[in-house]
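Engineer: Coordinates in target.txt, compact mmCIF, C-alpha atoms, are listed below.
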```txt
# COMPACT_ATOMS: atom_id res chain seq x y z
CA MET A 715 23.16 12.82 -4.31
CA ILE A 716 22.01 16.34 -3.37
CA ALA A 717 25.51 17.07 -2.05
CA LEU A 718 27.08 15.86 -5.30
CA GLY A 719 24.44 17.29 -7.63
CA ALA A 720 24.16 13.81 -9.16
CA PRO A 721 20.86 12.28 -10.40
CA LEU A 722 18.71 10.53 -7.80
CA TRP A 723 16.22 7.81 -8.82
CA GLY A 724 16.86 8.89 -12.40
CA LEU A 725 15.85 12.49 -11.67
CA ARG A 726 17.95 15.62 -11.98
CA ILE A 727 18.97 17.51 -8.84
CA GLU A 728 17.79 21.07 -9.40
CA GLN A 729 19.63 22.60 -6.46
CA SER A 730 22.64 20.92 -4.90
CA GLY A 731 23.89 21.84 -1.46
CA TRP A 732 24.20 20.59 2.07
CA THR A 733 21.60 18.81 4.19
CA LEU A 734 20.71 19.29 7.85
CA PHE A 735 19.32 16.02 9.20
CA VAL A 736 17.61 16.47 12.58
CA THR A 737 17.21 13.05 14.20
CA ALA A 738 15.17 12.21 17.28
CA GLU A 739 15.22 8.45 16.71
CA ASP A 740 18.54 7.03 15.48
CA ARG A 741 21.73 8.27 17.08
CA ARG A 742 24.24 10.25 15.03
CA GLU A 743 26.77 7.39 15.17
CA ARG A 744 24.31 4.98 13.59
CA LEU A 745 23.35 7.40 10.81
CA LEU A 746 27.01 8.13 10.03
CA ALA A 747 27.68 4.40 9.83
CA ARG A 748 24.81 4.01 7.35
CA LEU A 749 26.07 6.95 5.33
CA ARG A 750 29.55 5.41 5.27
CA GLU A 751 28.16 2.17 3.84
CA ILE A 752 26.06 3.97 1.22
CA VAL A 753 29.09 6.01 0.14
CA ALA A 754 31.18 2.83 -0.10
CA ALA A 755 28.53 1.17 -2.30
CA LEU A 756 28.52 4.19 -4.64
CA LYS A 757 32.29 3.77 -5.24
CA LEU A 758 32.92 7.52 -5.07
CA SER A 759 36.26 9.24 -5.46
CA GLU A 760 38.03 10.53 -2.34
CA ALA A 761 37.03 14.10 -3.21
CA GLN A 762 33.40 13.07 -3.62
CA ARG A 763 33.48 11.17 -0.33
CA ARG A 764 34.78 14.22 1.51
CA ARG A 765 32.12 16.37 -0.09
CA VAL A 766 29.34 14.03 1.03
CA PHE A 767 30.55 13.81 4.63
CA ASP A 768 31.05 17.58 4.76
CA SER A 769 27.58 18.19 3.31
CA VAL A 770 25.39 15.89 5.41
CA ILE A 771 25.20 17.45 8.86
CA ILE A 772 23.45 15.36 11.50
CA TRP A 773 21.96 17.04 14.57
CA ASP A 774 21.23 14.35 17.14
CA ILE A 775 18.51 15.38 19.62
CA CYS A 776 17.59 11.85 20.73
CA GLY A 777 16.30 11.91 24.28
CA SER A 778 15.85 15.69 24.36
CA SER A 779 12.57 17.61 24.62
CA LEU A 780 13.13 19.79 21.54
CA LYS A 781 9.97 20.05 19.46
CA LEU A 782 8.49 22.21 16.73
CA ALA A 783 5.11 22.40 18.51
CA GLN A 784 3.89 21.93 22.06
CA LEU A 785 0.63 21.73 23.96
CA ILE A 786 -0.08 24.67 26.31
CA GLN A 787 -3.39 24.81 28.21
CA GLY A 788 -5.03 22.61 25.60
CA ASN A 789 -3.76 24.64 22.61
CA VAL A 790 -1.13 23.54 20.10
CA VAL A 791 1.45 26.33 19.77
CA LEU A 792 4.76 26.65 17.95
CA THR A 793 8.04 26.58 19.82
CA ARG A 794 11.09 28.70 18.96
CA LEU A 795 12.84 25.83 17.17
CA ALA A 796 11.82 26.74 13.59
CA ASP A 797 12.80 30.40 14.00
CA ASP A 798 16.04 29.47 15.80
CA LEU A 799 17.03 27.24 12.87
CA GLY A 800 16.29 30.07 10.47
CA ARG A 801 18.51 32.48 12.37
CA ALA A 802 21.30 29.94 12.82
CA TYR A 803 21.66 29.08 9.13
CA ARG A 804 20.51 32.16 7.21
CA ASP A 805 24.12 32.97 6.23
CA ASP A 806 24.85 29.40 5.11
CA ARG A 807 21.57 28.01 3.87
CA PRO A 808 21.05 24.27 3.45
CA ALA A 809 19.34 22.77 0.42
CA VAL A 810 17.30 20.44 2.64
CA VAL A 811 16.30 20.25 6.29
CA THR A 812 14.96 16.83 7.30
CA PHE A 813 13.17 15.95 10.55
CA ASP A 814 13.01 12.27 11.48
CA PRO A 815 10.58 11.04 12.71
CA LEU A 816 7.69 13.48 12.51
CA VAL A 817 5.95 12.15 15.63
CA SER A 818 8.89 13.22 17.80
CA PHE A 819 8.56 16.89 16.84
CA GLY A 820 4.84 17.38 17.39
CA ALA A 821 2.85 18.42 20.42
CA SER A 822 0.26 15.68 20.84
CA GLU A 823 -1.69 13.19 18.77
CA GLN A 824 -4.81 13.94 20.80
CA ALA A 825 -5.53 16.93 18.56
CA VAL A 826 -4.27 15.25 15.41
CA ASN A 827 -5.00 17.80 12.70
CA ASP A 828 -4.18 20.82 14.89
CA ASN A 829 -0.84 19.21 15.65
CA GLU A 830 -0.12 18.42 12.01
CA GLN A 831 -1.08 21.94 10.89
CA ALA A 832 1.32 23.37 13.48
CA LEU A 833 4.12 21.22 12.06
CA ILE A 834 3.31 22.42 8.54
CA THR A 835 3.39 26.03 9.77
CA SER A 836 6.79 25.43 11.38
CA ALA A 837 8.11 24.04 8.10
CA ARG A 838 6.78 27.07 6.21
CA ARG A 839 8.61 29.39 8.60
CA ILE A 840 11.88 27.58 7.89
CA VAL A 841 11.23 27.68 4.14
CA ARG A 842 10.48 31.40 4.29
CA THR A 843 13.75 32.14 6.12
CA LEU A 844 16.14 29.69 4.43
CA ASP A 845 14.46 29.15 1.03
CA CYS A 846 15.15 25.43 1.29
CA CYS A 847 13.20 22.18 1.19
CA VAL A 848 11.86 20.95 4.54
CA ARG A 849 11.13 17.24 4.72
CA PHE A 850 9.33 15.27 7.43
CA VAL A 851 9.95 11.53 7.62
CA HIS A 852 6.66 10.06 8.77
CA HIS A 853 5.36 6.60 9.62
CA THR A 854 2.80 4.90 7.41
CA GLY A 855 -0.54 4.15 9.07
CA GLN A 856 -0.99 0.52 10.12
CA ALA A 857 -4.08 -0.11 7.99
CA ASN A 858 -2.50 1.70 5.04
CA ALA A 859 0.64 -0.39 5.30
CA ARG A 860 -1.36 -3.61 5.32
CA ALA A 861 -3.43 -2.43 2.36
CA THR A 862 -0.28 -1.10 0.59
CA THR A 863 -2.02 2.17 -0.24
CA LEU A 864 0.04 4.79 -2.06
CA ASP A 865 -2.23 7.84 -1.92
CA PRO A 866 -1.33 11.11 -0.11
CA TYR A 867 -3.29 10.07 3.00
CA SER A 868 -1.26 6.90 3.64
CA GLY A 869 0.57 8.45 6.59
CA ARG A 870 -0.28 7.84 10.22
CA GLY A 871 -2.64 10.40 11.76
CA GLY A 872 -4.93 12.96 10.16
CA SER A 873 -5.35 14.62 6.79
CA ALA A 874 -3.86 18.05 7.59
CA LEU A 875 -0.28 16.90 6.97
CA ALA A 876 -0.93 15.76 3.40
CA ASP A 877 -3.24 18.71 2.71
CA GLY A 878 -0.69 21.27 3.92
CA SER A 879 2.36 19.69 2.29
CA ARG A 880 3.44 20.71 -1.20
CA MET A 881 4.99 17.29 -1.78
CA THR A 882 4.04 13.87 -0.42
CA THR A 883 5.84 10.67 -1.34
CA VAL A 884 4.88 7.22 -0.07
CA LEU A 885 7.33 4.34 0.26
CA GLN A 886 5.92 0.83 0.53
CA ALA A 887 7.64 -2.53 0.50
CA TRP A 888 6.59 -4.80 -2.36
CA ASN A 889 5.94 -8.52 -2.23
CA PRO A 890 4.82 -10.94 -4.96
CA ASP A 891 1.43 -11.45 -3.27
CA ASP A 892 0.54 -7.75 -3.53
CA GLU A 893 -3.23 -7.71 -4.12
CA SER A 894 -2.93 -4.59 -6.28
CA HIS A 895 -1.22 -6.79 -8.91
CA ARG A 896 1.67 -4.34 -9.24
CA ARG A 897 4.60 -5.93 -10.99
CA PRO A 898 8.21 -4.71 -11.18
CA PRO A 899 9.20 -2.96 -14.40
CA PRO A 900 11.63 -4.58 -16.84
CA GLY A 901 15.11 -4.99 -15.40
CA CYS A 902 13.89 -4.83 -11.80
CA LYS A 903 14.06 -8.48 -10.83
CA PRO A 904 13.47 -9.67 -7.27
CA ASP A 905 16.07 -11.99 -5.77
CA PRO A 906 16.79 -13.44 -2.30
CA GLU A 907 19.56 -10.93 -1.56
CA SER A 908 17.50 -7.84 -2.39
CA SER A 909 14.28 -6.10 -1.42
CA LEU A 910 11.96 -4.09 -3.64
CA MET A 911 10.10 -0.93 -2.68
CA ILE A 912 7.65 1.32 -4.49
CA LEU A 913 8.12 5.08 -4.18
CA ALA A 914 4.91 6.82 -5.20
CA ARG A 915 4.95 10.55 -5.83
CA ALA A 916 1.45 10.89 -4.48
CA LYS A 917 1.36 14.68 -4.40
CA LEU A 918 3.64 17.15 -6.16
CA SER A 919 2.01 20.55 -6.35
CA TYR A 920 4.35 21.93 -9.01
CA ALA A 921 4.55 18.90 -11.29
CA PRO A 922 2.26 17.20 -13.80
CA PRO A 923 -0.29 14.77 -12.30
CA ASN A 924 -0.15 10.97 -12.45
CA LEU A 925 3.64 10.65 -12.41
CA PRO A 926 4.81 7.05 -12.81
CA GLU A 927 5.79 5.18 -9.68
CA LEU A 928 9.48 4.64 -8.97
CA TRP A 929 10.72 1.20 -8.00
CA ILE A 930 13.77 0.94 -5.77
CA LYS A 931 15.83 -2.22 -5.43
CA ARG A 932 18.04 -2.42 -2.37
CA THR A 933 20.91 -4.87 -2.07
CA GLY A 934 22.76 -4.22 1.16
CA TYR A 935 23.49 -0.48 1.00
CA ALA A 936 23.41 -0.30 -2.81
CA PHE A 937 20.27 1.13 -4.40
CA GLU A 938 18.98 0.92 -7.98
CA SER A 939 15.93 2.70 -9.38
CA PHE A 940 13.46 1.83 -12.12
CA VAL A 941 10.42 3.60 -13.55
CA GLU A 942 6.98 2.03 -13.56
CA LEU A 943 5.93 0.57 -16.89
CA LYS A 944 2.51 1.95 -17.75
CA ARG A 945 0.05 -0.75 -18.83
CA SER A 946 -3.12 -0.39 -20.79
CA PRO A 947 -6.47 -1.17 -19.10
CA GLU A 948 -6.68 -4.31 -21.21
CA GLU A 949 -3.28 -5.54 -19.96
CA ALA A 950 -4.23 -4.83 -16.34
CA ALA A 951 -7.50 -6.73 -16.79
CA ALA A 952 -5.63 -9.66 -18.32
CA ASP A 953 -3.25 -9.77 -15.32
CA GLN A 954 -6.20 -9.87 -12.93
CA ALA A 955 -7.84 -12.62 -14.97
CA ASP A 956 -4.61 -14.64 -14.75
CA GLN A 957 -4.56 -14.20 -10.98
CA LEU A 958 -8.16 -15.43 -10.69
CA GLU A 959 -7.43 -18.43 -12.89
CA HIS A 960 -4.43 -19.45 -10.78
```
The structure in this file should be written as structure tokens.
Structural biologist:
Amino acid sequence: MIALGAPLWGLRIEQSGWTLFVTAEDRRERLLARLREIVAALKLSEAQRRRVFDSVIIWDICGSSLKLAQLIQGNVVLTRLADDLGRAYRDDRPAVVTFDPLVSFGASEQAVNDNEQALITSARRIVRTLDCCVRFVHHTGQANARATTLDPYSGRGGSALADGSRMTTVLQAWNPDDESHRRPPPGCKPDPESSLMILARAKLSYAPPNLPELWIKRTGYAFESFVELKRSPEEAAADQADQLEH
């Protein structure tokens, strides 16, 4: 959607362009296969298809030792990777640089917050050079996943990552037994062939607070989005009373 400048999850793309996806987990072939299926589900024109495949560049470093930060004599220090990326692409700047997964690019989880702050600093160096968005794909903490929390500190590890980020979104799978009593908005109906996820915009430094949650319905490689329906306190209390009665 960023390559095409088309709306994503019902939101306008402010700056279209190409994406650099740095993967240390899934091989390039697998990601290209996923992208092919997503493009097919979107039913794009041939010109749009070419634009997408030309605009999503995948750098596969699976199995390599490339990192943004490393541990030297007990200290977390930055590597050259962030600055090398800045020099490599300053004449053809991407709109987005994505690192997946975050844990593969850090120094050590023994010094959790020092490590996370080093990763944030690396991202800021890339932003300063390329004036683009830098995204880290991070795992949800085990306890947070079980509790289906959607706050900025739902990620695995410490608090420095959420504190240093300008944007934090949390994606959680939804199930009908969710103890938070969240219910899909109108039009977003669960069915056996699909899965539902909640995308919470937990922290957006340059946006109004308390943005509604986005619901994403996935059927194969086709995705639909819906906006949370705000309920009054009285309606929420009534839902909880119904749950207790049942």
Engineer: Mind checking which residues fall within 10 Å of stretch 757-766 of chain A, counting only C-alpha atoms, ignoring those fewer than 4 positions away in the same chain, and posting them as a list in words?
Structural biologist: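 Once the nearby chain positions are removed, what remains is Met715, Ile716, Ala717, Leu718, Gly731, Trp732, Thr733, Leu749, Arg750, Ile752, Val753, Val770 and Ile771 of chain A.
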Engineer: Can you pull out the residues contacting A:Leu910? Cut-off 8 Å, using only C-alpha atoms, and skip same-chain residues under 5 positions away; I want them as a PyMOL selection string.
Structural biologist: chain A and resi 887-889+904+929-932
Engineer: Would you work out the distance separating atom CA of A:Gln831 from atom CA of A:Asp774, expressed in Å to one decimal?
Structural biologist: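 Rounded to one decimal, the two atoms are 24.4 Å apart.
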Engineer: Find, counting only C-alpha atoms, the residue in A:Thr854, A:Arg794, A:Pro866, A:Ala809 that gets nearest to A:Ile727.
Structural biologist: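 Smallest separation from A:Ile727 among the options: A:Ala809.
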Engineer: Quick one: of A:Val736, A:Cys846, A:Leu746, A:Leu782, who's nearest to A:Asp797, counting all atoms listed in the file?
Structural biologist: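 Checking each candidate against A:Asp797, we get A:Leu782 as the closest.
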Engineer: What does the distance from atom CA of A:Asp877 to atom CA of A:Asp828 come to in Å, to one decimal?
Structural biologist: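 Going from atom CA of A:Asp877 over to atom CA of A:Asp828 covers 12.4 Å.
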Engineer: As an exercise, work out the distance from atom CA of A:Pro808 to atom CA of A:Ala837 in Å and give it to one decimal place.
Structural biologist: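 That distance, rounded to one decimal, is 13.8 Å.
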Engineer: List the spatial neighbours of A:Ser818 as a tab-separated table (two decimals) with C-alpha atoms, in the frame of the given file - criterion: any atom at most 10 Å away, all atoms listed in the file, same-chain residues fewer than 3 positions off excluded.
Structural biologist:
```tsv
chain	number	residue	atom	x	y	z
A	737	THR	CA	17.21	13.05	14.20
A	738	ALA	CA	15.17	12.21	17.28
A	739	GLU	CA	15.22	8.45	16.71
A	776	CYS	CA	17.59	11.85	20.73
A	777	GLY	CA	16.30	11.91	24.28
A	778	SER	CA	15.85	15.69	24.36
A	779	SER	CA	12.57	17.61	24.62
A	780	LEU	CA	13.13	19.79	21.54
A	781	LYS	CA	9.97	20.05	19.46
A	782	LEU	CA	8.49	22.21	16.73
A	783	ALA	CA	5.11	22.40	18.51
A	813	PHE	CA	13.17	15.95	10.55
A	814	ASP	CA	13.01	12.27	11.48
A	815	PRO	CA	10.58	11.04	12.71
A	821	ALA	CA	2.85	18.42	20.42
A	822	SER	CA	0.26	15.68	20.84
A	852	HIS	CA	6.66	10.06	8.77
```
Engineer: Please return stretch 726-741 of chain A, rebuilt to N, CA, C and O atoms, as an mmCIF file, keeping the file's coordinate frame.
Structural biologist:
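Here's the written file selection.cif:
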```
data_model
loop_
_atom_site.group_PDB
_atom_site.id
_atom_site.type_symbol
_atom_site.label_atom_id
_atom_site.label_comp_id
_atom_site.auth_asym_id
_atom_site.auth_seq_id
_atom_site.Cartn_x
_atom_site.Cartn_y
_atom_site.Cartn_z
ATOM 1 N N ARG A 726 16.917 14.603 -12.097
ATOM 2 C CA ARG A 726 17.950 15.620 -11.980
ATOM 3 C C ARG A 726 17.825 16.389 -10.668
ATOM 4 O O ARG A 726 16.735 16.733 -10.238
ATOM 5 N N ILE A 727 18.951 16.661 -10.029
ATOM 6 C CA ILE A 727 18.970 17.510 -8.840
ATOM 7 C C ILE A 727 18.977 18.960 -9.292
ATOM 8 O O ILE A 727 19.903 19.412 -9.956
ATOM 9 N N GLU A 728 17.920 19.680 -8.957
ATOM 10 C CA GLU A 728 17.790 21.070 -9.400
ATOM 11 C C GLU A 728 18.664 22.016 -8.593
ATOM 12 O O GLU A 728 19.156 23.017 -9.111
ATOM 13 N N GLN A 729 18.837 21.725 -7.312
ATOM 14 C CA GLN A 729 19.630 22.600 -6.460
ATOM 15 C C GLN A 729 20.469 21.756 -5.509
ATOM 16 O O GLN A 729 19.954 21.171 -4.570
ATOM 17 N N SER A 730 21.761 21.674 -5.782
ATOM 18 C CA SER A 730 22.640 20.920 -4.900
ATOM 19 C C SER A 730 22.979 21.754 -3.668
ATOM 20 O O SER A 730 22.724 22.958 -3.622
ATOM 21 N N GLY A 731 23.541 21.126 -2.676
ATOM 22 C CA GLY A 731 23.890 21.840 -1.460
ATOM 23 C C GLY A 731 24.001 20.883 -0.292
ATOM 24 O O GLY A 731 24.033 19.663 -0.463
ATOM 25 N N TRP A 732 24.044 21.436 0.903
ATOM 26 C CA TRP A 732 24.200 20.590 2.070
ATOM 27 C C TRP A 732 22.859 20.326 2.748
ATOM 28 O O TRP A 732 21.889 21.045 2.541
ATOM 29 N N THR A 733 22.817 19.259 3.535
ATOM 30 C CA THR A 733 21.600 18.810 4.190
ATOM 31 C C THR A 733 21.779 18.849 5.698
ATOM 32 O O THR A 733 22.802 18.374 6.214
ATOM 33 N N LEU A 734 20.779 19.385 6.390
ATOM 34 C CA LEU A 734 20.710 19.290 7.850
ATOM 35 C C LEU A 734 19.711 18.194 8.183
ATOM 36 O O LEU A 734 18.535 18.295 7.833
ATOM 37 N N PHE A 735 20.176 17.153 8.839
ATOM 38 C CA PHE A 735 19.320 16.020 9.200
ATOM 39 C C PHE A 735 19.133 16.048 10.712
ATOM 40 O O PHE A 735 20.084 15.801 11.474
ATOM 41 N N VAL A 736 17.911 16.376 11.148
ATOM 42 C CA VAL A 736 17.610 16.470 12.580
ATOM 43 C C VAL A 736 16.973 15.145 13.006
ATOM 44 O O VAL A 736 15.872 14.812 12.572
ATOM 45 N N THR A 737 17.676 14.386 13.833
ATOM 46 C CA THR A 737 17.210 13.050 14.200
ATOM 47 C C THR A 737 16.815 12.984 15.667
ATOM 48 O O THR A 737 17.573 13.397 16.547
ATOM 49 N N ALA A 738 15.630 12.449 15.911
ATOM 50 C CA ALA A 738 15.170 12.210 17.280
ATOM 51 C C ALA A 738 14.963 10.728 17.518
ATOM 52 O O ALA A 738 14.375 10.340 18.528
ATOM 53 N N GLU A 739 15.430 9.897 16.595
ATOM 54 C CA GLU A 739 15.220 8.450 16.710
ATOM 55 C C GLU A 739 16.528 7.687 16.685
ATOM 56 O O GLU A 739 16.899 7.035 17.658
ATOM 57 N N ASP A 740 17.263 7.743 15.583
ATOM 58 C CA ASP A 740 18.540 7.030 15.480
ATOM 59 C C ASP A 740 19.683 7.961 15.854
ATOM 60 O O ASP A 740 19.732 9.116 15.407
ATOM 61 N N ARG A 741 20.607 7.458 16.641
ATOM 62 C CA ARG A 741 21.730 8.270 17.080
ATOM 63 C C ARG A 741 22.636 8.645 15.905
ATOM 64 O O ARG A 741 22.675 7.966 14.875
#
```
